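Written out below as structure tokens is the structure these notes cover.
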Amino acid sequence: MTYIIQTNHLTKDFQGKAVVSNVNLHVKKGEIYGFLGPNGAGKTSIMRMIMNLIKPTSGEVVIFDEKLTSSSYEILKRMGSIIEYPIFYDQLTAVENLELHCEYMGYYNKNAIKSALDLVKLKEYEGKAVKDFSLGMKQRLGVARAIVTKPEILILDEPINGLDPEGIKEFRNLFQMLSKDYGMTLLISSHILGEIEQIANTIGVIKNGKLIEEVSMDQIRLQNTEYIELKTNDVKKAAFVINENLSISNFKVLDDSTIRIYNLEIHPGEIAKKLVLSGVLVESINKKDNTLEDYFLKLINGGVTHD
Amino acid sequence: MIKLINLEIKKFKLIKYWKGVLGANLGFVIFIGMVYFLNKVEEEIPFENFEMASTIISAVVSATFIIFASVILAKLVIDEYKNKSIDLMFTYPISRKKIMSAKLIIVMVFTFMTVLFSTLFLNGLVYIMDVTFDILPGDISIQELINSVWKSFFIAFAAAGLSLIPLLIGMLRKSSSATIVSSIFLVTLTSSVSNNFTFSSVMTVSISLALLGIIIGWLSIRNVEKTDL
């Protein structure tokens with residue numbers, strides 16, 4: 001099993017309009033997959049198809065090497081989820097909701113409920129009816145419910161909605177812990193990049209129902225680190241000066257006029273000065289801080305498509 | 001299945017409805033008492049015979065509990081769709097057909113049981129009252145009593161089937177009020193029919209409607225896996 005969740009040419013039409021078109025998603029076992037895209041891009045629809053709540057118009061979802069059909073419900077035992085916003089039986093208390101959930105999931109472990117509530121810091125509200133919960137508390141309880149049965153796959157749709165900064169930080173740690181300590185695979189959607197980039201191993205960018213990029217964070221970081229770009233007429237000599245006189249080894253000669261220096265501790269002016277003094281003509285030198293945000297904004301606002 | 005039914009009962013705290021059922025029965029007793037005494041005051045014969053009394057009883061009882069059942073139906077099925085908590089239910093490793101069946105079984109069994117036991121109870125009450133206070137002209141034969149028991153079973157079965165008909169309208173509109181209103185409409189329709197016809201023709205109509213209800217229930221169970229949420 002290379003991928004724990006995979007979609008092949010997944011397409012969903014609502015009233016003749018394609019909400020999701022030709023999406024090929026690849027989620028590896030044990031990773032945190034960040035699902036990034038603006039509101040209404042089709043993230044929720046894809047997650048609903050993965051949870052088998054709606055059926056694809058065409059294409060397929062493969063989970064644990066098994067193709068989802070209208071009667072594959074056994075698989076759901078190994079999955080936990082929050083889709084859109086968490087829904088509870090409002091008149092019941094937090095604990096009662098979780099108990100009910102465990103019963104339906106066929107999971108019997110009294111301690112699990114307590115520890116799940118502990119993890120999301122809702123222990124003191126366990127006996128309170130959910131109708132009195134704030135949005136943030138419901139979100140926390142939703143996560144507790146999704147993880148209480150220790151599923152192998154966790155599908156979380158916008159899990160930090162309604163949380164305060166403190167809560168967001170707690171959740172980030174919690175998700176990382178679930179991935180590391182329990183080996184859970186997490187598929188987390190969000191429209192906020194900053195939240196995804198810190199935890200995800202792989203990011204899928206979706207726009208207008210199409211998956212426009214699926215890339216590992218390591219690769220993005222490699223592509224998008226900050227650097228100083230230097231243009232000169234003599235790269236050979238420049239490279240020598242940089243290496244010897246400035247003792248920088250972390251640089252790359254791109255072509256016969258461009259050098260990228262990844263050591264940012266040194267001021268570009270300093271480099272220029274040394275080069276000029278050594279008789280190397282500097283055509284231009286500037287610092288590029290191509291942040292991740294720029295990268296994704298470029299992706300989302302048109303630009304690169306991979307189909 | 002039993003477990004699913006129990007979970008539904010727990011989830012919606014259905015046990016608390018025993019008060020409602022008890023209250024309804026108290027209401028029936030008062031109603032029958034009123035019919036009896038008001039007619040007595042106007043010096044008319046309230047019930048010509050036991051059959052008439054038991055027909056009135058079953059009409060009132062089934063009407064009441066079909067509406068009562070529609071409230072439960074709205075809660076168990078329609079509200080789950082409206083609140084989207086059915087999304088949650090369908091993320092469980094349980095076949096949707098079973099989940100739906102459990103809900104419909106609760107509604108049908110509730111209607112069947114309440115109608116059956118209430119009619120039996122009220123018929124029994126009329127019988128005891130007649131034995132003690134001779135409220136009916138003539139005596140009630142054992143055969144009549146046995147017939148009334150059989151009829152109660154029939155009526156309870158018909159009511160159980162009928163109780164699923166509001167599901168059709170309720171699901172189309174995803175509205176609990178539509179469900180309850182349609183059950184009231186249904187009850188009015190069937191009881192206005194029963195005023196003018198013999199028992200057997202009333203039974204034909206009721207049984208056909210009951211079958212219609214069962215077909216509606218069966219279709220919604222069958223379609224539940226195909227429909228998107």
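Residue numbering restarts at 1 in every chain; chains get A, B, ... in the order shown in the structure tokens, and ligands count up from 1 in that same order.
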Q: Give the residues of chain B that lie within 12 Å of chain A; count only C-alpha atoms, and format the answer as a ChimeraX atom specification.
A: /B:1,3-13,75-76,79-99,222-229
Q: Run DSSP on the backbone and give me the residues of region 67-205 of chain B it puts in alpha helix (DSSP H), as a PyMOL selection string.
A: chain B and resi 67-73+79-82+85-89+96-133+142-162+166-173+176-196+199-205
Q. Which polymer residues have any atom within 12 Å of an atom of Met137 (chain A), counting only C-alpha atoms, with same-chain residues fewer than 2 positions away left out, as number ranges by chain?
A. A: 85-86, 88, 94, 117, 120-126, 128-135, 139-144, 159-164, 167
Okay, now the selection with N, CA, C and O atoms, as a tab-separated table (two decimals), in the first residue's frame?
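Result written to result15.tsv:
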```tsv
chain	number	residue	atom	x	y	z
A	85	TYR	N	-18.88	21.34	9.73
A	85	TYR	CA	-18.77	21.72	11.13
A	85	TYR	C	-19.31	20.55	11.96
A	85	TYR	O	-20.16	19.81	11.49
A	86	PRO	N	-18.78	20.37	13.14
A	86	PRO	CA	-19.20	19.18	13.89
A	86	PRO	C	-20.66	19.29	14.34
A	86	PRO	O	-21.09	20.33	14.81
A	88	PHE	N	-23.72	17.69	16.67
A	88	PHE	CA	-23.94	16.87	17.85
A	88	PHE	C	-25.43	16.75	18.12
A	88	PHE	O	-26.23	17.47	17.54
A	94	ALA	N	-21.67	16.37	26.60
A	94	ALA	CA	-20.46	16.03	25.85
A	94	ALA	C	-20.15	14.55	25.97
A	94	ALA	O	-19.91	13.86	24.97
A	117	LEU	N	-11.33	13.65	25.91
A	117	LEU	CA	-11.78	14.95	26.42
A	117	LEU	C	-10.62	15.71	27.06
A	117	LEU	O	-10.54	16.93	26.98
A	120	VAL	N	-8.40	17.44	24.38
A	120	VAL	CA	-8.92	18.69	23.80
A	120	VAL	C	-9.30	19.70	24.89
A	120	VAL	O	-9.94	20.70	24.61
A	121	LYS	N	-8.93	19.39	26.14
A	121	LYS	CA	-9.15	20.29	27.26
A	121	LYS	C	-10.64	20.60	27.49
A	121	LYS	O	-11.02	21.75	27.68
A	122	LEU	N	-11.43	19.56	27.46
A	122	LEU	CA	-12.87	19.78	27.71
A	122	LEU	C	-13.33	18.99	28.93
A	122	LEU	O	-14.53	18.89	29.18
A	123	LYS	N	-12.38	18.45	29.68
A	123	LYS	CA	-12.70	17.60	30.80
A	123	LYS	C	-13.74	18.22	31.73
A	123	LYS	O	-14.70	17.58	32.14
A	124	GLU	N	-13.55	19.49	32.04
A	124	GLU	CA	-14.44	20.10	33.04
A	124	GLU	C	-15.87	20.36	32.50
A	124	GLU	O	-16.77	20.65	33.27
A	125	TYR	N	-16.03	20.26	31.17
A	125	TYR	CA	-17.36	20.50	30.62
A	125	TYR	C	-18.06	19.22	30.21
A	125	TYR	O	-19.05	19.24	29.50
A	126	GLU	N	-17.51	18.07	30.64
A	126	GLU	CA	-18.00	16.80	30.12
A	126	GLU	C	-19.49	16.56	30.40
A	126	GLU	O	-20.18	15.94	29.63
A	128	LYS	N	-21.79	18.88	30.57
A	128	LYS	CA	-22.60	20.00	30.10
A	128	LYS	C	-23.27	19.65	28.77
A	128	LYS	O	-22.67	18.99	27.93
A	129	ALA	N	-24.52	20.10	28.60
A	129	ALA	CA	-25.22	19.82	27.35
A	129	ALA	C	-24.54	20.59	26.22
A	129	ALA	O	-24.11	21.72	26.39
A	130	VAL	N	-24.45	19.94	25.06
A	130	VAL	CA	-23.71	20.53	23.95
A	130	VAL	C	-24.39	21.81	23.45
A	130	VAL	O	-23.73	22.70	22.90
A	131	LYS	N	-25.69	21.94	23.68
A	131	LYS	CA	-26.37	23.15	23.20
A	131	LYS	C	-25.83	24.42	23.87
A	131	LYS	O	-25.95	25.51	23.32
A	132	ASP	N	-25.17	24.27	25.03
A	132	ASP	CA	-24.59	25.43	25.71
A	132	ASP	C	-23.13	25.66	25.33
A	132	ASP	O	-22.47	26.52	25.91
A	133	PHE	N	-22.62	24.89	24.38
A	133	PHE	CA	-21.21	25.02	24.00
A	133	PHE	C	-21.01	26.17	23.01
A	133	PHE	O	-21.88	26.44	22.18
A	134	SER	N	-19.85	26.81	23.10
A	134	SER	CA	-19.49	27.82	22.09
A	134	SER	C	-18.97	27.09	20.86
A	134	SER	O	-18.71	25.89	20.89
A	135	LEU	N	-18.81	27.85	19.77
A	135	LEU	CA	-18.33	27.25	18.53
A	135	LEU	C	-16.97	26.58	18.72
A	135	LEU	O	-16.75	25.46	18.26
A	139	GLN	N	-15.97	22.68	18.33
A	139	GLN	CA	-14.87	22.26	17.47
A	139	GLN	C	-13.95	21.30	18.23
A	139	GLN	O	-13.53	20.27	17.71
A	140	ARG	N	-13.67	21.64	19.48
A	140	ARG	CA	-12.83	20.78	20.32
A	140	ARG	C	-13.50	19.42	20.53
A	140	ARG	O	-12.86	18.37	20.41
A	141	LEU	N	-14.79	19.47	20.83
A	141	LEU	CA	-15.50	18.22	21.07
A	141	LEU	C	-15.54	17.39	19.79
A	141	LEU	O	-15.45	16.16	19.83
A	142	GLY	N	-15.67	18.09	18.66
A	142	GLY	CA	-15.67	17.40	17.37
A	142	GLY	C	-14.38	16.63	17.17
A	142	GLY	O	-14.38	15.49	16.71
A	143	VAL	N	-13.26	17.28	17.52
A	143	VAL	CA	-11.97	16.61	17.38
A	143	VAL	C	-11.89	15.43	18.35
A	143	VAL	O	-11.45	14.34	17.99
A	144	ALA	N	-12.37	15.66	19.58
A	144	ALA	CA	-12.36	14.56	20.56
A	144	ALA	C	-13.15	13.38	20.03
A	144	ALA	O	-12.72	12.22	20.14
A	159	PRO	N	-10.57	22.26	10.78
A	159	PRO	CA	-10.72	21.97	12.21
A	159	PRO	C	-10.46	23.15	13.14
A	159	PRO	O	-10.88	23.12	14.28
A	160	ILE	N	-9.79	24.19	12.66
A	160	ILE	CA	-9.49	25.27	13.60
A	160	ILE	C	-10.48	26.42	13.53
A	160	ILE	O	-10.31	27.42	14.20
A	161	ASN	N	-11.52	26.23	12.73
A	161	ASN	CA	-12.57	27.26	12.69
A	161	ASN	C	-13.08	27.57	14.09
A	161	ASN	O	-13.42	26.67	14.84
A	162	GLY	N	-13.16	28.82	14.41
A	162	GLY	CA	-13.78	29.21	15.68
A	162	GLY	C	-12.87	29.06	16.88
A	162	GLY	O	-13.31	29.25	18.01
A	163	LEU	N	-11.60	28.69	16.66
A	163	LEU	CA	-10.68	28.54	17.79
A	163	LEU	C	-9.89	29.84	17.99
A	163	LEU	O	-9.59	30.55	17.04
A	164	ASP	N	-9.52	30.09	19.23
A	164	ASP	CA	-8.66	31.23	19.51
A	164	ASP	C	-7.20	30.83	19.23
A	164	ASP	O	-6.90	29.65	19.07
A	167	GLY	N	-5.89	28.02	21.15
A	167	GLY	CA	-6.48	26.74	20.72
A	167	GLY	C	-5.86	26.24	19.44
A	167	GLY	O	-5.63	25.04	19.27
```
Q | Residues near Phe153 (chain B), cut-off 10 Å, only C-alpha atoms, skip fewer than 4 positions along chain, as a list in words | A |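 The residues that qualify are Phe112, Met113, Val115, Leu116, Phe117, Thr119, Leu120, Ser148, Val149, Phe157, Ala158 and Ala159 of chain B.
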Write out the residues from the selection above, keeping all heavy atoms, as an mmCIF file, in the first residue's frame.
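Saved file again29.cif follows:
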```cif
data_model
loop_
_atom_site.group_PDB
_atom_site.id
_atom_site.type_symbol
_atom_site.label_atom_id
_atom_site.label_comp_id
_atom_site.auth_asym_id
_atom_site.auth_seq_id
_atom_site.Cartn_x
_atom_site.Cartn_y
_atom_site.Cartn_z
ATOM 1 N N PHE B 112 -48.077 0.518 16.850
ATOM 2 C CA PHE B 112 -48.768 -0.751 17.027
ATOM 3 C C PHE B 112 -49.069 -1.002 18.508
ATOM 4 O O PHE B 112 -50.211 -1.247 18.892
ATOM 5 C CB PHE B 112 -47.905 -1.885 16.459
ATOM 6 C CG PHE B 112 -48.574 -3.223 16.531
ATOM 7 C CD1 PHE B 112 -49.490 -3.608 15.567
ATOM 8 C CD2 PHE B 112 -48.299 -4.105 17.570
ATOM 9 C CE1 PHE B 112 -50.127 -4.832 15.631
ATOM 10 C CE2 PHE B 112 -48.925 -5.337 17.646
ATOM 11 C CZ PHE B 112 -49.844 -5.696 16.670
ATOM 12 N N MET B 113 -48.044 -0.863 19.314
ATOM 13 C CA MET B 113 -48.199 -1.157 20.739
ATOM 14 C C MET B 113 -49.168 -0.199 21.414
ATOM 15 O O MET B 113 -50.063 -0.620 22.153
ATOM 16 C CB MET B 113 -46.848 -1.069 21.457
ATOM 17 C CG MET B 113 -45.860 -2.097 21.008
ATOM 18 S SD MET B 113 -46.453 -3.755 21.247
ATOM 19 C CE MET B 113 -45.111 -4.408 22.192
ATOM 20 N N VAL B 115 -51.520 1.709 20.138
ATOM 21 C CA VAL B 115 -52.899 1.557 19.660
ATOM 22 C C VAL B 115 -53.495 0.273 20.225
ATOM 23 O O VAL B 115 -54.609 0.258 20.751
ATOM 24 C CB VAL B 115 -52.964 1.576 18.115
ATOM 25 C CG1 VAL B 115 -54.350 1.182 17.631
ATOM 26 C CG2 VAL B 115 -52.585 2.949 17.586
ATOM 27 N N LEU B 116 -52.705 -0.809 20.158
ATOM 28 C CA LEU B 116 -53.221 -2.101 20.630
ATOM 29 C C LEU B 116 -53.573 -2.040 22.117
ATOM 30 O O LEU B 116 -54.705 -2.328 22.512
ATOM 31 C CB LEU B 116 -52.178 -3.196 20.382
ATOM 32 C CG LEU B 116 -52.611 -4.593 20.838
ATOM 33 C CD1 LEU B 116 -53.757 -5.094 19.956
ATOM 34 C CD2 LEU B 116 -51.451 -5.568 20.778
ATOM 35 N N PHE B 117 -52.623 -1.613 22.915
ATOM 36 C CA PHE B 117 -52.865 -1.657 24.361
ATOM 37 C C PHE B 117 -53.912 -0.644 24.795
ATOM 38 O O PHE B 117 -54.722 -0.917 25.686
ATOM 39 C CB PHE B 117 -51.561 -1.503 25.136
ATOM 40 C CG PHE B 117 -50.730 -2.747 25.073
ATOM 41 C CD1 PHE B 117 -49.494 -2.757 24.450
ATOM 42 C CD2 PHE B 117 -51.223 -3.942 25.599
ATOM 43 C CE1 PHE B 117 -48.749 -3.932 24.364
ATOM 44 C CE2 PHE B 117 -50.481 -5.112 25.517
ATOM 45 C CZ PHE B 117 -49.242 -5.112 24.894
ATOM 46 N N THR B 119 -56.531 0.437 22.950
ATOM 47 C CA THR B 119 -57.867 -0.044 22.594
ATOM 48 C C THR B 119 -58.284 -1.199 23.510
ATOM 49 O O THR B 119 -59.418 -1.241 23.981
ATOM 50 C CB THR B 119 -57.971 -0.508 21.118
ATOM 51 O OG1 THR B 119 -56.794 -1.208 20.790
ATOM 52 C CG2 THR B 119 -58.148 0.654 20.181
ATOM 53 N N LEU B 120 -57.330 -2.103 23.763
ATOM 54 C CA LEU B 120 -57.659 -3.217 24.654
ATOM 55 C C LEU B 120 -58.053 -2.700 26.036
ATOM 56 O O LEU B 120 -59.064 -3.112 26.616
ATOM 57 C CB LEU B 120 -56.465 -4.178 24.789
ATOM 58 C CG LEU B 120 -56.175 -5.068 23.574
ATOM 59 C CD1 LEU B 120 -54.964 -5.945 23.836
ATOM 60 C CD2 LEU B 120 -57.395 -5.910 23.209
ATOM 61 N N SER B 148 -63.701 -8.019 19.560
ATOM 62 C CA SER B 148 -63.099 -6.698 19.774
ATOM 63 C C SER B 148 -61.576 -6.812 19.930
ATOM 64 O O SER B 148 -60.835 -5.934 19.503
ATOM 65 C CB SER B 148 -63.725 -6.002 20.972
ATOM 66 O OG SER B 148 -63.163 -6.478 22.169
ATOM 67 N N VAL B 149 -61.137 -7.944 20.512
ATOM 68 C CA VAL B 149 -59.687 -8.142 20.645
ATOM 69 C C VAL B 149 -59.047 -8.308 19.271
ATOM 70 O O VAL B 149 -58.029 -7.694 18.946
ATOM 71 C CB VAL B 149 -59.389 -9.373 21.542
ATOM 72 C CG1 VAL B 149 -57.907 -9.720 21.497
ATOM 73 C CG2 VAL B 149 -59.849 -9.107 22.968
ATOM 74 N N PHE B 157 -52.418 -2.805 13.650
ATOM 75 C CA PHE B 157 -51.564 -3.068 12.496
ATOM 76 C C PHE B 157 -51.753 -1.987 11.435
ATOM 77 O O PHE B 157 -50.789 -1.429 10.902
ATOM 78 C CB PHE B 157 -51.871 -4.451 11.912
ATOM 79 C CG PHE B 157 -51.189 -4.703 10.607
ATOM 80 C CD1 PHE B 157 -49.821 -4.936 10.557
ATOM 81 C CD2 PHE B 157 -51.904 -4.656 9.409
ATOM 82 C CE1 PHE B 157 -49.180 -5.133 9.341
ATOM 83 C CE2 PHE B 157 -51.268 -4.847 8.191
ATOM 84 C CZ PHE B 157 -49.899 -5.085 8.156
ATOM 85 N N ALA B 158 -53.027 -1.659 11.162
ATOM 86 C CA ALA B 158 -53.322 -0.635 10.161
ATOM 87 C C ALA B 158 -52.700 0.692 10.560
ATOM 88 O O ALA B 158 -52.074 1.379 9.749
ATOM 89 C CB ALA B 158 -54.827 -0.493 9.988
ATOM 90 N N ALA B 159 -52.830 1.033 11.826
ATOM 91 C CA ALA B 159 -52.281 2.302 12.309
ATOM 92 C C ALA B 159 -50.763 2.326 12.162
ATOM 93 O O ALA B 159 -50.179 3.344 11.772
ATOM 94 C CB ALA B 159 -52.669 2.529 13.761
#
```
